[in-house]
>>> print(open('protein_16.csv').read())   # CSV, C-alpha atoms
chain,number,residue,atom,x,y,z
A,1,MET,CA,232.7,-131.8,-86.3
A,2,SER,CA,229.8,-129.5,-85.3
A,3,THR,CA,230.7,-126.6,-83.0
A,4,VAL,CA,227.0,-125.9,-82.3
A,5,ALA,CA,225.2,-127.9,-79.6
A,6,ILE,CA,221.8,-127.8,-78.1
A,7,ASP,CA,219.8,-129.9,-75.6
A,8,LEU,CA,216.3,-131.1,-76.7
A,9,ASN,CA,213.8,-131.4,-73.8
A,10,ALA,CA,210.1,-132.3,-73.5
A,11,ASP,CA,207.5,-132.2,-70.8
A,12,LEU,CA,206.7,-135.8,-69.8
A,13,GLY,CA,204.7,-137.7,-67.3
A,14,GLU,CA,201.7,-135.4,-67.7
A,15,GLY,CA,199.0,-137.9,-67.0
A,16,PHE,CA,197.1,-138.9,-63.9
A,17,GLY,CA,195.8,-142.3,-62.9
A,18,ARG,CA,194.3,-144.0,-66.0
A,19,TRP,CA,194.4,-140.7,-67.9
A,20,SER,CA,197.5,-140.3,-70.2
A,21,LEU,CA,198.5,-137.2,-72.1
A,22,THR,CA,202.0,-137.7,-73.3
A,23,ASP,CA,203.7,-140.5,-75.3
A,24,ASP,CA,206.5,-140.8,-72.8
A,25,SER,CA,208.2,-143.8,-74.2
A,26,GLY,CA,208.2,-142.4,-77.7
A,27,LEU,CA,209.6,-139.0,-76.7
A,28,LEU,CA,212.3,-140.6,-74.6
A,29,ASP,CA,213.7,-142.2,-77.8
A,30,VAL,CA,214.2,-138.7,-79.1
A,31,VAL,CA,214.9,-136.1,-76.4
A,32,THR,CA,218.1,-135.6,-74.3
A,33,SER,CA,216.3,-134.2,-71.3
A,34,ALA,CA,213.0,-135.1,-69.7
A,35,ASN,CA,211.0,-132.6,-67.6
A,36,VAL,CA,208.9,-134.9,-65.5
A,37,ALA,CA,205.7,-133.7,-63.9
A,38,CYS,CA,205.8,-134.1,-60.1
A,39,GLY,CA,202.2,-134.4,-59.1
A,40,PHE,CA,201.1,-130.8,-58.7
A,41,HIS,CA,200.0,-129.9,-62.3
A,42,ALA,CA,200.0,-133.5,-63.6
A,43,GLY,CA,201.6,-136.9,-62.8
A,44,ASP,CA,201.3,-139.4,-60.0
A,45,PRO,CA,203.7,-141.8,-58.3
A,46,GLU,CA,203.4,-144.7,-60.8
A,47,THR,CA,203.8,-142.3,-63.8
A,48,MET,CA,206.8,-140.6,-62.2
A,49,ARG,CA,208.4,-144.0,-61.4
A,50,ARG,CA,207.8,-145.4,-64.9
A,51,VAL,CA,209.2,-142.3,-66.7
A,52,CYS,CA,212.3,-142.3,-64.5
A,53,GLU,CA,212.9,-146.0,-65.3
A,54,ILE,CA,212.6,-145.4,-69.0
A,55,ALA,CA,214.8,-142.3,-68.9
A,56,ALA,CA,217.5,-144.1,-67.0
A,57,GLU,CA,217.5,-147.0,-69.5
A,58,ARG,CA,217.9,-144.6,-72.4
A,59,ASP,CA,220.4,-142.3,-70.7
A,60,VAL,CA,218.1,-139.2,-70.8
A,61,ALA,CA,218.7,-136.6,-68.1
A,62,ILE,CA,215.8,-136.2,-65.7
A,63,GLY,CA,214.5,-132.8,-64.6
A,64,ALA,CA,211.8,-132.0,-62.0
A,65,HIS,CA,209.0,-130.1,-63.8
A,66,VAL,CA,207.7,-128.2,-60.7
A,67,ALA,CA,204.4,-126.3,-60.7
A,68,TYR,CA,201.7,-124.5,-58.7
A,69,ARG,CA,199.4,-127.0,-56.9
A,70,ASP,CA,196.8,-126.9,-59.7
A,71,LEU,CA,195.7,-130.3,-61.1
A,72,ALA,CA,192.4,-129.0,-62.3
A,73,GLY,CA,193.9,-126.2,-64.3
A,74,PHE,CA,197.0,-128.1,-65.5
A,75,GLY,CA,199.2,-125.6,-63.7
A,76,ARG,CA,198.3,-122.9,-66.2
A,77,ARG,CA,196.2,-120.7,-63.9
A,78,ALA,CA,197.7,-117.7,-62.1
A,79,MET,CA,198.0,-118.3,-58.4
A,80,ASP,CA,199.3,-116.3,-55.4
A,81,VAL,CA,201.3,-118.6,-53.2
A,82,PRO,CA,203.3,-117.2,-50.2
A,83,ALA,CA,207.0,-117.4,-50.9
A,84,ARG,CA,207.9,-119.7,-48.0
A,85,GLN,CA,205.0,-122.1,-48.9
A,86,LEU,CA,206.1,-122.1,-52.6
A,87,ALA,CA,209.7,-122.8,-51.7
A,88,GLY,CA,208.5,-125.8,-49.6
A,89,GLU,CA,206.3,-127.1,-52.4
A,90,VAL,CA,209.1,-126.9,-54.9
A,91,ALA,CA,211.4,-128.8,-52.6
A,92,TYR,CA,208.6,-131.3,-52.0
A,93,GLN,CA,208.2,-132.0,-55.7
A,94,VAL,CA,211.9,-132.3,-56.4
A,95,GLY,CA,212.3,-134.7,-53.5
A,96,ALA,CA,209.4,-136.9,-54.6
A,97,LEU,CA,210.9,-137.2,-58.1
A,98,GLU,CA,214.4,-137.8,-56.7
A,99,ALA,CA,213.2,-140.9,-54.8
A,100,PHE,CA,212.0,-142.5,-58.1
A,101,ALA,CA,215.1,-141.3,-60.0
A,102,ARG,CA,217.4,-142.9,-57.5
A,103,ALA,CA,215.4,-146.1,-57.4
A,104,ALA,CA,216.0,-146.2,-61.2
A,105,GLY,CA,219.7,-145.7,-60.7
A,106,THR,CA,219.9,-142.1,-61.7
A,107,VAL,CA,219.3,-138.6,-60.2
A,108,VAL,CA,217.2,-135.5,-60.8
A,109,SER,CA,219.7,-133.4,-62.7
A,110,TYR,CA,217.9,-130.1,-63.0
A,111,VAL,CA,214.6,-128.2,-62.3
A,112,LYS,CA,212.2,-126.4,-64.7
A,113,PRO,CA,209.1,-124.6,-63.6
A,114,HIS,CA,205.9,-125.3,-65.5
A,115,GLY,CA,203.1,-123.2,-67.0
A,116,ALA,CA,201.9,-120.3,-64.9
A,117,LEU,CA,204.9,-120.6,-62.5
A,118,TYR,CA,207.3,-120.5,-65.4
A,119,ASN,CA,205.8,-117.3,-66.7
A,120,ARG,CA,205.4,-115.7,-63.3
A,121,THR,CA,209.1,-116.1,-62.5
A,122,VAL,CA,210.1,-114.1,-65.6
A,123,HIS,CA,209.2,-110.8,-63.9
A,124,ASP,CA,208.2,-111.6,-60.3
A,125,GLN,CA,211.3,-111.4,-58.1
A,126,GLU,CA,209.6,-112.9,-55.0
A,127,GLN,CA,208.2,-116.0,-56.8
A,128,ALA,CA,211.5,-116.4,-58.7
A,129,GLN,CA,213.5,-116.4,-55.5
A,130,ALA,CA,211.0,-118.8,-53.9
A,131,VAL,CA,211.5,-121.3,-56.6
A,132,VAL,CA,215.3,-121.0,-56.3
A,133,ASP,CA,215.0,-121.3,-52.5
A,134,GLY,CA,213.0,-124.5,-53.0
A,135,VAL,CA,215.6,-125.9,-55.3
A,136,VAL,CA,218.4,-125.1,-52.9
A,137,LEU,CA,216.4,-126.7,-50.1
A,138,ALA,CA,216.2,-129.9,-52.1
A,139,GLY,CA,219.8,-129.7,-53.2
A,140,ALA,CA,221.2,-127.1,-55.6
A,141,ARG,CA,221.2,-128.1,-59.2
A,142,PRO,CA,220.8,-126.3,-62.7
A,143,ILE,CA,217.5,-124.4,-63.3
A,144,LEU,CA,215.9,-124.0,-66.8
A,145,GLY,CA,214.1,-120.8,-67.6
A,146,LEU,CA,213.5,-118.0,-70.0
A,147,PRO,CA,216.6,-116.0,-71.1
A,148,GLY,CA,216.8,-112.7,-69.1
A,149,SER,CA,214.3,-113.9,-66.5
A,150,ARG,CA,214.4,-113.1,-62.8
A,151,LEU,CA,214.4,-116.8,-62.3
A,152,LEU,CA,217.8,-117.3,-64.0
A,153,ALA,CA,219.3,-114.3,-62.3
A,154,ALA,CA,218.2,-115.6,-58.9
A,155,ALA,CA,219.5,-119.1,-59.8
A,156,GLU,CA,222.9,-117.7,-60.7
A,157,ALA,CA,223.1,-115.7,-57.5
A,158,ALA,CA,222.3,-118.8,-55.4
A,159,GLY,CA,224.9,-120.9,-57.1
A,160,CYS,CA,222.5,-122.9,-59.3
A,161,GLU,CA,223.6,-123.1,-62.9
A,162,PRO,CA,221.2,-121.0,-65.0
A,163,VAL,CA,220.2,-122.7,-68.3
A,164,PRO,CA,218.4,-120.5,-70.8
A,165,GLU,CA,215.7,-122.3,-72.7
A,166,ALA,CA,213.9,-121.6,-76.0
A,167,PHE,CA,210.6,-122.9,-77.4
A,168,ALA,CA,210.3,-124.0,-81.0
A,169,ASP,CA,206.5,-124.3,-80.9
A,170,ARG,CA,205.7,-121.0,-79.0
A,171,ALA,CA,205.6,-117.5,-80.4
A,172,TYR,CA,207.5,-114.7,-78.8
A,173,LEU,CA,206.8,-111.0,-78.2
A,174,ALA,CA,209.3,-108.3,-79.0
A,175,ASP,CA,210.5,-108.2,-75.3
A,176,GLY,CA,211.6,-111.9,-75.5
A,177,THR,CA,208.7,-113.2,-73.4
A,178,LEU,CA,206.3,-115.9,-74.6
A,179,ALA,CA,203.1,-114.8,-76.2
A,180,PRO,CA,200.1,-115.5,-73.8
A,181,ARG,CA,198.4,-118.7,-74.9
A,182,GLY,CA,195.1,-116.8,-75.3
A,183,ARG,CA,196.5,-114.7,-78.0
A,184,GLU,CA,196.1,-115.8,-81.6
A,185,GLY,CA,199.2,-117.3,-83.0
A,186,ALA,CA,200.8,-117.9,-79.6
A,187,VAL,CA,201.2,-121.6,-80.3
A,188,VAL,CA,203.0,-122.5,-83.5
A,189,GLU,CA,201.0,-125.5,-84.9
A,190,GLU,CA,202.4,-125.9,-88.4
A,191,ALA,CA,205.1,-128.6,-88.2
A,192,ASP,CA,207.3,-127.2,-90.9
A,193,ALA,CA,207.5,-123.9,-89.0
A,194,VAL,CA,208.4,-125.6,-85.8
A,195,VAL,CA,211.2,-127.5,-87.5
A,196,SER,CA,212.5,-124.4,-89.2
A,197,ARG,CA,212.4,-122.3,-86.0
A,198,SER,CA,214.3,-125.0,-84.2
A,199,VAL,CA,217.2,-124.7,-86.6
A,200,GLN,CA,217.1,-120.9,-86.4
A,201,ILE,CA,217.3,-121.0,-82.6
A,202,ALA,CA,220.1,-123.5,-82.5
A,203,HIS,CA,222.2,-121.4,-84.9
A,204,GLY,CA,221.4,-118.1,-83.3
A,205,ARG,CA,219.3,-116.7,-86.2
A,206,PRO,CA,216.5,-114.3,-85.4
A,207,LEU,CA,212.9,-115.3,-85.3
A,208,ALA,CA,209.9,-113.2,-86.3
A,209,THR,CA,207.9,-112.2,-83.2
A,210,LEU,CA,204.1,-111.7,-83.1
A,211,ASP,CA,204.9,-108.0,-82.9
A,212,GLY,CA,206.7,-108.2,-86.3
A,213,ASP,CA,210.1,-107.5,-84.9
A,214,PRO,CA,213.1,-109.9,-85.2
A,215,LEU,CA,214.3,-111.6,-82.0
A,216,THR,CA,217.4,-113.7,-81.4
A,217,VAL,CA,216.8,-116.2,-78.6
A,218,SER,CA,220.1,-117.4,-77.1
A,219,ALA,CA,219.4,-120.9,-75.5
A,220,ARG,CA,221.2,-124.0,-74.4
A,221,SER,CA,218.1,-126.1,-74.3
A,222,LEU,CA,215.1,-126.3,-76.8
A,223,CYS,CA,211.7,-127.5,-75.7
A,224,VAL,CA,209.2,-129.3,-77.8
A,225,HIS,CA,206.0,-129.8,-75.9
A,226,GLY,CA,204.9,-133.3,-75.3
A,227,ASP,CA,201.2,-132.5,-75.0
A,228,THR,CA,200.7,-131.4,-78.6
A,229,ALA,CA,199.2,-133.6,-81.3
A,230,GLY,CA,201.8,-135.7,-83.1
A,231,ALA,CA,204.5,-134.7,-80.6
A,232,VAL,CA,206.7,-137.7,-81.2
A,233,ASP,CA,206.7,-137.4,-85.0
A,234,LEU,CA,207.4,-133.7,-84.6
A,235,ALA,CA,210.3,-134.3,-82.1
A,236,VAL,CA,211.8,-136.8,-84.6
A,237,ARG,CA,211.6,-134.2,-87.4
A,238,VAL,CA,213.1,-131.5,-85.2
A,239,ARG,CA,216.0,-133.7,-84.1
A,240,ALA,CA,216.7,-134.8,-87.7
A,241,ALA,CA,216.6,-131.3,-89.0
A,242,LEU,CA,219.0,-130.1,-86.2
A,243,GLU,CA,221.5,-132.9,-87.0
A,244,GLU,CA,221.3,-132.2,-90.7
A,245,ALA,CA,222.0,-128.6,-89.9
A,246,ASP,CA,225.3,-129.6,-88.2
A,247,VAL,CA,223.9,-129.2,-84.7
A,248,ASP,CA,225.1,-131.6,-82.0
A,249,VAL,CA,221.9,-132.6,-80.1
A,250,ARG,CA,223.0,-133.5,-76.5
A,251,SER,CA,222.2,-132.8,-72.9
A,252,PHE,CA,223.4,-129.5,-71.6
A,253,LEU,CA,224.9,-131.4,-68.8
A,254,SER,CA,227.4,-133.2,-71.1
>>> encode(input="protein_16.csv", output="C-alpha coordinates")
Amino acid sequence: MSTVAIDLNADLGEGFGRWSLTDDSGLLDVVTSANVACGFHAGDPETMRRVCEIAAERDVAIGAHVAYRDLAGFGRRAMDVPARQLAGEVAYQVGALEAFARAAGTVVSYVKPHGALYNRTVHDQEQAQAVVDGVVLAGARPILGLPGSRLLAAAEAAGCEPVPEAFADRAYLADGTLAPRGREGAVVEEADAVVSRSVQIAHGRPLATLDGDPLTVSARSLCVHGDTAGAVDLAVRVRAALEEADVDVRSFLS
(Lines of atoms letter the chains of each structure in order from A and count residues from 1; the text may use other names and numbers.)
(Lines give C-alpha, C1' and ligand atoms only; values in the text may rest on other atoms or scores of the structure.)
Protein backbone atom coordinates (compact mmCIF):
# COMPACT_ATOMS: atom_id res chain seq x y z
CA MET A 1 0.00 0.00 0.00
CA SER A 2 1.25 3.50 -0.85
CA THR A 3 2.84 5.53 1.93
CA VAL A 4 2.76 8.72 -0.16
CA ALA A 5 -0.45 10.74 -0.25
CA ILE A 6 -1.43 14.06 -1.74
CA ASP A 7 -4.59 16.10 -2.16
CA LEU A 8 -5.54 17.27 -5.66
CA ASN A 9 -7.32 20.62 -5.77
CA ALA A 10 -8.65 22.91 -8.48
CA ASP A 11 -10.11 26.43 -8.61
CA LEU A 12 -13.79 26.11 -9.49
CA GLY A 13 -16.90 28.23 -9.90
CA GLU A 14 -14.93 30.90 -11.71
CA GLY A 15 -17.76 32.18 -13.87
CA PHE A 16 -20.28 34.98 -13.50
CA GLY A 17 -23.87 35.08 -14.68
CA ARG A 18 -24.09 33.59 -18.18
CA TRP A 19 -20.30 33.55 -18.52
CA SER A 20 -18.60 30.27 -17.62
CA LEU A 21 -14.85 29.69 -17.33
CA THR A 22 -14.33 26.33 -15.65
CA ASP A 23 -15.76 22.86 -16.33
CA ASP A 24 -16.85 22.41 -12.75
CA SER A 25 -18.69 19.12 -13.16
CA GLY A 26 -15.84 17.55 -15.12
CA LEU A 27 -13.18 18.60 -12.62
CA LEU A 28 -15.27 17.46 -9.65
CA ASP A 29 -15.04 13.93 -11.06
CA VAL A 30 -11.26 14.10 -10.64
CA VAL A 31 -10.16 16.37 -7.78
CA THR A 32 -10.43 15.70 -4.05
CA SER A 33 -10.76 19.36 -2.99
CA ALA A 34 -12.59 22.23 -4.68
CA ASN A 35 -11.56 25.87 -4.21
CA VAL A 36 -14.83 27.67 -4.91
CA ALA A 37 -14.86 31.32 -5.97
CA CYS A 38 -16.95 33.38 -3.56
CA GLY A 39 -18.06 36.31 -5.71
CA PHE A 40 -15.14 38.71 -5.29
CA HIS A 41 -12.87 37.66 -8.18
CA ALA A 42 -15.45 35.41 -9.87
CA GLY A 43 -18.56 33.45 -9.02
CA ASP A 44 -22.13 34.33 -8.13
CA PRO A 45 -24.79 32.81 -5.85
CA GLU A 46 -26.17 30.33 -8.39
CA THR A 47 -22.70 29.16 -9.41
CA MET A 48 -21.62 28.77 -5.78
CA ARG A 49 -24.77 26.83 -4.97
CA ARG A 50 -24.40 24.52 -7.96
CA VAL A 51 -20.73 23.74 -7.31
CA CYS A 52 -21.44 23.00 -3.64
CA GLU A 53 -24.26 20.62 -4.60
CA ILE A 54 -22.09 18.69 -7.07
CA ALA A 55 -19.13 18.61 -4.67
CA ALA A 56 -21.35 17.23 -1.91
CA GLU A 57 -22.72 14.54 -4.21
CA ARG A 58 -19.19 13.43 -5.15
CA ASP A 59 -17.70 13.70 -1.66
CA VAL A 60 -15.25 16.43 -2.67
CA ALA A 61 -14.04 18.77 0.11
CA ILE A 62 -15.16 22.38 -0.35
CA GLY A 63 -12.85 25.32 0.24
CA ALA A 64 -13.55 29.05 0.11
CA HIS A 65 -11.38 30.63 -2.59
CA VAL A 66 -11.26 34.15 -1.13
CA ALA A 67 -9.91 37.15 -3.01
CA TYR A 68 -9.60 40.89 -3.23
CA ARG A 69 -12.82 42.55 -4.45
CA ASP A 70 -11.76 42.66 -8.12
CA LEU A 71 -14.18 41.10 -10.60
CA ALA A 72 -12.84 43.12 -13.53
CA GLY A 73 -9.27 42.03 -12.90
CA PHE A 74 -10.12 38.43 -11.91
CA GLY A 75 -8.46 39.09 -8.56
CA ARG A 76 -5.01 39.23 -10.08
CA ARG A 77 -4.37 42.96 -9.66
CA ALA A 78 -2.39 44.27 -6.69
CA MET A 79 -4.63 46.14 -4.24
CA ASP A 80 -4.11 47.91 -0.92
CA VAL A 81 -6.94 46.98 1.42
CA PRO A 82 -6.88 48.02 5.10
CA ALA A 83 -6.37 45.02 7.38
CA ARG A 84 -9.68 45.27 9.23
CA GLN A 85 -11.60 45.66 5.98
CA LEU A 86 -9.80 42.70 4.42
CA ALA A 87 -10.52 40.50 7.43
CA GLY A 88 -14.19 41.38 7.15
CA GLU A 89 -14.27 40.68 3.43
CA VAL A 90 -12.61 37.29 3.92
CA ALA A 91 -15.16 36.37 6.61
CA TYR A 92 -17.97 37.60 4.34
CA GLN A 93 -16.84 35.35 1.48
CA VAL A 94 -16.44 32.30 3.71
CA GLY A 95 -19.85 32.89 5.26
CA ALA A 96 -21.56 33.21 1.88
CA LEU A 97 -20.11 29.93 0.65
CA GLU A 98 -20.87 28.23 3.96
CA ALA A 99 -24.58 28.95 3.48
CA PHE A 100 -24.61 27.06 0.18
CA ALA A 101 -22.37 24.27 1.47
CA ARG A 102 -24.67 23.63 4.44
CA ALA A 103 -27.72 23.70 2.18
CA ALA A 104 -26.03 20.94 0.16
CA GLY A 105 -25.44 18.91 3.31
CA THR A 106 -21.76 19.66 3.79
CA VAL A 107 -19.47 22.44 5.08
CA VAL A 108 -16.66 24.74 4.00
CA SER A 109 -13.68 22.69 5.16
CA TYR A 110 -10.81 25.08 4.40
CA VAL A 111 -9.83 28.46 2.94
CA LYS A 112 -7.39 29.34 0.15
CA PRO A 113 -6.60 32.89 -1.03
CA HIS A 114 -6.70 33.58 -4.75
CA GLY A 115 -4.40 35.38 -7.16
CA ALA A 116 -2.95 38.67 -5.98
CA LEU A 117 -4.06 38.03 -2.41
CA TYR A 118 -2.37 34.62 -2.40
CA ASN A 119 0.89 36.10 -3.62
CA ARG A 120 0.69 39.13 -1.31
CA THR A 121 0.37 36.94 1.78
CA VAL A 122 3.63 35.17 1.03
CA HIS A 123 5.68 38.14 2.31
CA ASP A 124 3.21 40.74 3.65
CA GLN A 125 2.64 40.09 7.36
CA GLU A 126 -0.25 42.52 7.73
CA GLN A 127 -2.23 41.13 4.81
CA ALA A 128 -1.45 37.55 5.84
CA GLN A 129 -2.68 38.23 9.37
CA ALA A 130 -5.80 39.94 8.03
CA VAL A 131 -6.69 36.86 5.98
CA VAL A 132 -6.21 34.62 9.02
CA ASP A 133 -8.24 37.02 11.18
CA GLY A 134 -11.04 36.81 8.64
CA VAL A 135 -10.94 33.02 8.65
CA VAL A 136 -11.07 32.95 12.45
CA LEU A 137 -13.96 35.42 12.40
CA ALA A 138 -15.92 33.03 10.17
CA GLY A 139 -14.82 29.95 12.15
CA ALA A 140 -11.27 28.61 12.32
CA ARG A 141 -10.42 25.99 9.71
CA PRO A 142 -7.37 24.86 7.66
CA ILE A 143 -5.73 27.40 5.33
CA LEU A 144 -3.90 26.53 2.11
CA GLY A 145 -0.87 28.57 1.11
CA LEU A 146 2.65 28.58 -0.24
CA PRO A 147 5.20 26.66 1.85
CA GLY A 148 7.21 29.04 4.03
CA SER A 149 4.74 31.89 3.58
CA ARG A 150 3.72 34.44 6.20
CA LEU A 151 0.18 33.21 5.67
CA LEU A 152 0.89 29.67 6.85
CA ALA A 153 2.94 30.94 9.81
CA ALA A 154 0.07 33.21 10.86
CA ALA A 155 -2.42 30.40 10.38
CA GLU A 156 -0.48 28.08 12.67
CA ALA A 157 -0.12 30.79 15.32
CA ALA A 158 -3.89 31.35 15.27
CA GLY A 159 -4.72 27.66 15.61
CA CYS A 160 -5.73 27.18 11.97
CA GLU A 161 -4.09 24.13 10.40
CA PRO A 162 -1.54 25.31 7.80
CA VAL A 163 -1.63 23.25 4.60
CA PRO A 164 1.34 23.76 2.23
CA GLU A 165 0.38 23.70 -1.42
CA ALA A 166 2.26 23.19 -4.69
CA PHE A 167 1.45 24.00 -8.31
CA ALA A 168 2.15 21.55 -11.10
CA ASP A 169 1.40 24.10 -13.83
CA ARG A 170 3.31 27.10 -12.44
CA ALA A 171 7.06 27.72 -12.54
CA TYR A 172 8.97 28.55 -9.37
CA LEU A 173 11.82 30.90 -8.58
CA ALA A 174 14.84 29.78 -6.57
CA ASP A 175 13.39 31.27 -3.35
CA GLY A 176 10.35 28.98 -3.57
CA THR A 177 7.91 31.65 -4.73
CA LEU A 178 5.83 31.42 -7.89
CA ALA A 179 7.25 33.15 -10.95
CA PRO A 180 5.19 36.28 -11.81
CA ARG A 181 2.66 35.51 -14.54
CA GLY A 182 4.17 38.24 -16.73
CA ARG A 183 7.49 36.43 -16.90
CA GLU A 184 8.13 34.08 -19.81
CA GLY A 185 7.76 30.47 -18.74
CA ALA A 186 5.79 31.32 -15.58
CA VAL A 187 2.90 29.10 -16.67
CA VAL A 188 3.80 25.53 -17.60
CA GLU A 189 1.65 24.86 -20.66
CA GLU A 190 3.06 21.55 -21.93
CA ALA A 191 0.81 18.77 -20.59
CA ASP A 192 3.56 16.15 -20.31
CA ALA A 193 5.62 18.54 -18.22
CA VAL A 194 2.72 19.24 -15.86
CA VAL A 195 2.12 15.52 -15.40
CA SER A 196 5.80 14.83 -14.76
CA ARG A 197 6.10 17.71 -12.29
CA SER A 198 3.07 16.45 -10.39
CA VAL A 199 4.77 13.11 -9.71
CA GLN A 200 8.03 14.86 -8.79
CA ILE A 201 6.23 17.06 -6.25
CA ALA A 202 4.30 14.17 -4.70
CA HIS A 203 7.47 12.14 -4.22
CA GLY A 204 9.52 15.08 -2.94
CA ARG A 205 11.84 15.21 -5.93
CA PRO A 206 13.37 18.56 -6.93
CA LEU A 207 11.96 20.69 -9.74
CA ALA A 208 13.99 22.90 -12.05
CA THR A 209 13.25 26.58 -11.32
CA LEU A 210 13.26 29.40 -13.85
CA ASP A 211 16.56 30.50 -12.28
CA GLY A 212 18.07 27.12 -13.12
CA ASP A 213 18.38 25.93 -9.52
CA PRO A 214 16.77 22.73 -8.17
CA LEU A 215 13.91 23.24 -5.71
CA THR A 216 12.06 20.69 -3.60
CA VAL A 217 8.50 21.76 -2.84
CA SER A 218 7.06 20.03 0.22
CA ALA A 219 3.28 20.03 -0.12
CA ARG A 220 0.19 18.24 1.11
CA SER A 221 -2.02 19.56 -1.68
CA LEU A 222 -1.40 19.94 -5.40
CA CYS A 223 -3.26 22.49 -7.52
CA VAL A 224 -4.19 22.11 -11.17
CA HIS A 225 -5.79 25.32 -12.39
CA GLY A 226 -9.31 24.95 -13.72
CA ASP A 227 -9.13 27.95 -16.06
CA THR A 228 -6.50 26.49 -18.40
CA ALA A 229 -7.37 24.96 -21.77
CA GLY A 230 -8.13 21.26 -21.51
CA ALA A 231 -8.13 21.42 -17.71
CA VAL A 232 -10.28 18.31 -17.22
CA ASP A 233 -8.21 16.10 -19.51
CA LEU A 234 -5.04 17.36 -17.85
CA ALA A 235 -6.40 16.71 -14.36
CA VAL A 236 -7.36 13.17 -15.41
CA ARG A 237 -3.82 12.59 -16.68
CA VAL A 238 -2.27 14.03 -13.52
CA ARG A 239 -4.38 11.85 -11.23
CA ALA A 240 -3.70 8.73 -13.30
CA ALA A 241 0.05 9.40 -13.29
CA LEU A 242 0.05 9.96 -9.52
CA GLU A 243 -1.79 6.72 -8.89
CA GLU A 244 0.49 4.83 -11.27
CA ALA A 245 3.45 6.25 -9.30
CA ASP A 246 2.02 4.72 -6.10
CA VAL A 247 0.62 7.99 -4.75
CA ASP A 248 -2.63 7.90 -2.77
CA VAL A 249 -4.72 10.79 -4.11
CA ARG A 250 -7.06 11.88 -1.31
CA SER A 251 -8.20 14.94 0.59
CA PHE A 252 -5.71 16.30 3.10
CA LEU A 253 -8.61 16.21 5.56
CA SER A 254 -8.83 12.40 5.50
>>> atom_distance(input="protein_16.csv", atom1="atom CA of A:Ala140", atom2="atom CA of A:Val36")
17.6 Å
>>> atom_distance(input="protein_16.csv", atom1="atom CA of A:Ser251", atom2="atom CA of A:Thr32")
5.2 Å
>>> atom_distance(input="protein_16.csv", atom1="atom CA of A:Cys38", atom2="atom CA of A:Met79")
17.7 Å
>>> residues_around(input="protein_16.csv", residues="A:Phe40", least_positions_apart="2", cutoff="6 Å", atoms="all atoms listed in the file", output="PDB file with C-alpha atoms, in the coordinates of the input")
ATOM      1  CA  CYS A  38     205.800-134.100 -60.100  1.00  0.00           C
ATOM      2  CA  ALA A  42     200.000-133.500 -63.600  1.00  0.00           C
ATOM      3  CA  ALA A  67     204.400-126.300 -60.700  1.00  0.00           C
ATOM      4  CA  ARG A  69     199.400-127.000 -56.900  1.00  0.00           C
ATOM      5  CA  ASP A  70     196.800-126.900 -59.700  1.00  0.00           C
ATOM      6  CA  LEU A  71     195.700-130.300 -61.100  1.00  0.00           C
TER       7      LEU A  71
END
>>> residues_near_point(input="protein_16.csv", point="(206.9, -117.2, -55.8)", cutoff="8 Å", atoms="only C-alpha atoms", output="list in words")
Asp80, Val81, Pro82, Ala83, Leu86, Ala87, Leu117, Arg120, Thr121, Asp124, Gln125, Glu126, Gln127, Ala128, Gln129, Ala130 and Val131 of chain A
>>> closest_residue(input="protein_16.csv", among="A:Gly148, A:Phe16, A:Val188, A:Tyr110", to="A:Phe167", atoms="all atoms listed in the file")
A:Val188
>>> residues_around(input="protein_16.csv", residues="A:Ala191", least_positions_apart="5", cutoff="9 Å", atoms="all atoms listed in the file", output="MDAnalysis selection string")
chainID A and resid 169 196 234 237
>>> write_last_selection(input="protein_16.csv", atoms="C-alpha atoms", output="PDB file, in the frame of the given file")
ATOM      1  CA  ASP A 169     206.500-124.300 -80.900  1.00  0.00           C
ATOM      2  CA  SER A 196     212.500-124.400 -89.200  1.00  0.00           C
ATOM      3  CA  LEU A 234     207.400-133.700 -84.600  1.00  0.00           C
ATOM      4  CA  ARG A 237     211.600-134.200 -87.400  1.00  0.00           C
TER       5      ARG A 237
END
>>> residues_around(input="protein_16.csv", residues="stretch 149-158 of chain A", least_positions_apart="2", cutoff="12 Å", atoms="only C-alpha atoms", output="JSON, numbers by chain")
{"A": [110, 111, 112, 113, 117, 118, 119, 120, 121, 122, 123, 124, 125, 126, 127, 128, 129, 130, 131, 132, 133, 134, 135, 136, 137, 139, 140, 141, 142, 143, 144, 145, 146, 147, 160, 161, 162, 163, 164, 165, 175, 176, 177, 178]}
>>> residues_around(input="protein_16.csv", residues="stretch 44-47 of chain A", least_positions_apart="5", cutoff="12 Å", atoms="only C-alpha atoms", output="list of chain:residue names")
A:Leu12, A:Gly13, A:Glu14, A:Gly15, A:Phe16, A:Gly17, A:Arg18, A:Trp19, A:Ser20, A:Leu21, A:Thr22, A:Asp23, A:Asp24, A:Ser25, A:Val36, A:Ala37, A:Cys38, A:Gly39, A:Cys52, A:Glu53, A:Ile54, A:Leu71, A:Gln93, A:Ala96, A:Leu97, A:Glu98, A:Ala99, A:Phe100, A:Ala101
>>> closest_residue(input="protein_16.csv", among="A:Cys223, A:Val51, A:Val187, A:Ala138", to="A:His114", atoms="all atoms listed in the file")
A:Cys223
>>> closest_residue(input="protein_16.csv", among="A:Leu28, A:Val66, A:Ile6, A:Ala171", to="A:Leu222", atoms="only C-alpha atoms")
A:Ile6
